[in-house]
>>> print(open('structure_1.tsv').read())   # TSV, C-alpha atoms
chain	number	residue	atom	x	y	z
A	1	MET	CA	-19.87	33.44	-27.49
A	2	GLU	CA	-22.10	32.49	-24.61
A	3	ASN	CA	-22.67	29.24	-22.77
A	4	MET	CA	-25.70	27.17	-23.67
A	5	GLY	CA	-28.47	27.66	-21.16
A	6	ASN	CA	-27.51	31.27	-20.45
A	7	ASP	CA	-29.57	34.30	-21.34
A	8	VAL	CA	-27.98	36.35	-24.14
A	9	ILE	CA	-28.34	39.95	-25.30
A	10	ILE	CA	-27.37	40.92	-28.85
A	11	HIS	CA	-26.99	44.68	-29.19
A	12	CYS	CA	-28.63	46.95	-31.74
A	13	ARG	CA	-28.69	50.68	-31.08
A	14	ALA	CA	-30.25	53.18	-33.44
A	15	THR	CA	-31.21	56.83	-33.13
A	16	GLY	CA	-33.37	59.02	-35.29
A	17	PHE	CA	-36.42	61.22	-35.44
A	18	PRO	CA	-38.96	59.89	-35.45
A	19	LYS	CA	-37.60	57.10	-33.28
A	20	PRO	CA	-36.84	54.09	-35.49
A	21	GLN	CA	-38.64	50.78	-35.14
A	22	ILE	CA	-36.27	47.86	-34.58
A	23	ASN	CA	-36.81	44.45	-36.19
A	24	TRP	CA	-34.61	41.39	-35.87
A	25	PHE	CA	-34.21	38.66	-38.50
A	26	VAL	CA	-32.46	35.29	-38.26
A	27	ASN	CA	-30.62	33.40	-41.02
A	28	GLY	CA	-31.96	35.54	-43.86
A	29	GLN	CA	-35.62	34.97	-43.06
A	30	THR	CA	-38.01	37.68	-44.26
A	31	THR	CA	-40.29	37.38	-41.22
A	32	PRO	CA	-39.02	39.30	-38.19
A	33	VAL	CA	-38.38	37.63	-34.85
A	34	ASP	CA	-41.42	37.99	-32.57
A	35	SER	CA	-41.18	38.87	-28.92
A	36	ASN	CA	-42.33	35.68	-27.22
A	37	GLY	CA	-41.11	33.52	-24.37
A	38	LYS	CA	-37.83	32.70	-26.13
A	39	TYR	CA	-37.01	36.07	-27.72
A	40	GLN	CA	-37.70	39.59	-26.54
A	41	ILE	CA	-36.90	42.84	-28.29
A	42	LEU	CA	-35.94	45.20	-25.48
A	43	PRO	CA	-37.05	48.87	-25.46
A	44	ASN	CA	-33.54	49.97	-26.51
A	45	GLY	CA	-33.65	47.64	-29.56
A	46	ASP	CA	-31.41	44.87	-28.22
A	47	LEU	CA	-32.48	41.25	-28.69
A	48	PHE	CA	-32.78	39.13	-25.54
A	49	ILE	CA	-32.54	35.35	-26.03
A	50	HIS	CA	-33.73	33.31	-23.06
A	51	ASN	CA	-31.93	30.04	-22.32
A	52	ALA	CA	-29.77	29.96	-25.47
A	53	THR	CA	-29.32	26.60	-27.21
A	54	PHE	CA	-27.72	25.36	-30.45
A	55	ASP	CA	-31.12	25.97	-32.10
A	56	ASP	CA	-30.46	29.70	-31.61
A	57	MET	CA	-27.14	29.58	-33.46
A	58	GLY	CA	-27.07	31.62	-36.64
A	59	VAL	CA	-26.74	34.98	-38.30
A	60	TYR	CA	-28.85	37.73	-36.74
A	61	GLN	CA	-29.70	40.99	-38.50
A	62	CYS	CA	-31.01	44.15	-36.90
A	63	THR	CA	-33.00	46.61	-39.03
A	64	ALA	CA	-33.89	50.10	-37.82
A	65	SER	CA	-36.49	51.96	-39.86
A	66	ASN	CA	-38.68	55.04	-39.77
A	67	GLU	CA	-40.57	57.03	-42.40
A	68	TYR	CA	-37.30	58.45	-43.77
A	69	GLY	CA	-35.48	55.19	-44.39
A	70	SER	CA	-33.88	52.13	-42.90
A	71	ASP	CA	-30.49	50.66	-42.08
A	72	THR	CA	-29.45	47.09	-41.35
A	73	ILE	CA	-26.61	45.64	-39.32
A	74	ASP	CA	-25.71	42.38	-41.05
A	75	GLU	CA	-24.04	39.23	-39.89
A	76	ILE	CA	-24.08	39.24	-36.14
A	77	PHE	CA	-23.14	35.57	-35.73
A	78	PHE	CA	-24.25	33.91	-32.52
A	79	TYR	CA	-22.61	30.62	-31.52
A	80	PRO	CA	-23.46	29.10	-28.13
A	81	THR	CA	-20.75	27.04	-26.42
A	82	MET	CA	-21.00	24.10	-24.06
A	83	LYS	CA	-20.74	24.77	-20.34
A	84	GLU	CA	-17.54	23.49	-18.80
>>> encode(input="structure_1.tsv", output="structure tokens")
Amino acid sequence: MENMGNDVIIHCRATGFPKPQINWFVNGQTTPVDSNGKYQILPNGDLFIHNATFDDMGVYQCTASNEYGSDTIDEIFFYPTMKE
């Protein structure tokens, strides 16, 4: 858990040859998270969330894929907490 307003990194590490492409999904959506001002997929595959709020709460999935297959890490639940 992280405090609301903080930046958050959710980890996803995958290895393979060729190097797998990492995609992140939220709450079962079929469209991957885009790197934009709010979210950024880091070069190592981790997901950076800028200024986390309750709107970011949910289940995050990381999928690593290359031409030989794919694998998904399910149910990374992110729950921001109030600052004390």
>>> residues_around(input="structure_1.tsv", residues="A:Ile73", least_positions_apart="6", cutoff="9 Å", atoms="only C-alpha atoms", output="list in words")
Cys12, Tyr60, Gln61, Cys62, Thr63 and Ala64 of chain A
>>> atom_distance(input="structure_1.tsv", atom1="atom CA of A:Val8", atom2="atom CA of A:Thr72")
20.3 Å
>>> closest_residue(input="structure_1.tsv", among="A:Phe17, A:Phe25, A:Tyr39, A:Phe78", to="A:Gly58", atoms="only C-alpha atoms")
A:Phe78
>>> closest_residue(input="structure_1.tsv", among="A:Thr81, A:Leu42, A:Ala14, A:Ser70", to="A:Met57", atoms="all atoms listed in the file")
A:Thr81
>>> closest_residue(input="structure_1.tsv", among="A:Gly16, A:Gly69, A:Ile76, A:Trp24", to="A:Ile41", atoms="all atoms listed in the file")
A:Trp24
>>> atom_distance(input="structure_1.tsv", atom1="atom CA of A:Ile49", atom2="atom CA of A:Phe77")
13.5 Å
>>> closest_residue(input="structure_1.tsv", among="A:Tyr79, A:Ile22, A:Pro32, A:Thr15", to="A:Asp56", atoms="only C-alpha atoms")
A:Tyr79
>>> closest_residue(input="structure_1.tsv", among="A:Pro18, A:Asn36, A:Tyr68, A:Asp55", to="A:Met4", atoms="only C-alpha atoms")
A:Asp55
>>> residues_around(input="structure_1.tsv", residues="A:Asn6", least_positions_apart="4", cutoff="9 Å", atoms="all atoms listed in the file", output="count of residues only")
7
>>> closest_residue(input="structure_1.tsv", among="A:Thr30, A:Asn23, A:Ser65, A:Asn3", to="A:Leu47", atoms="all atoms listed in the file")
A:Asn23
>>> atom_distance(input="structure_1.tsv", atom1="atom CA of A:Gln21", atom2="atom CA of A:Gly5")
28.9 Å
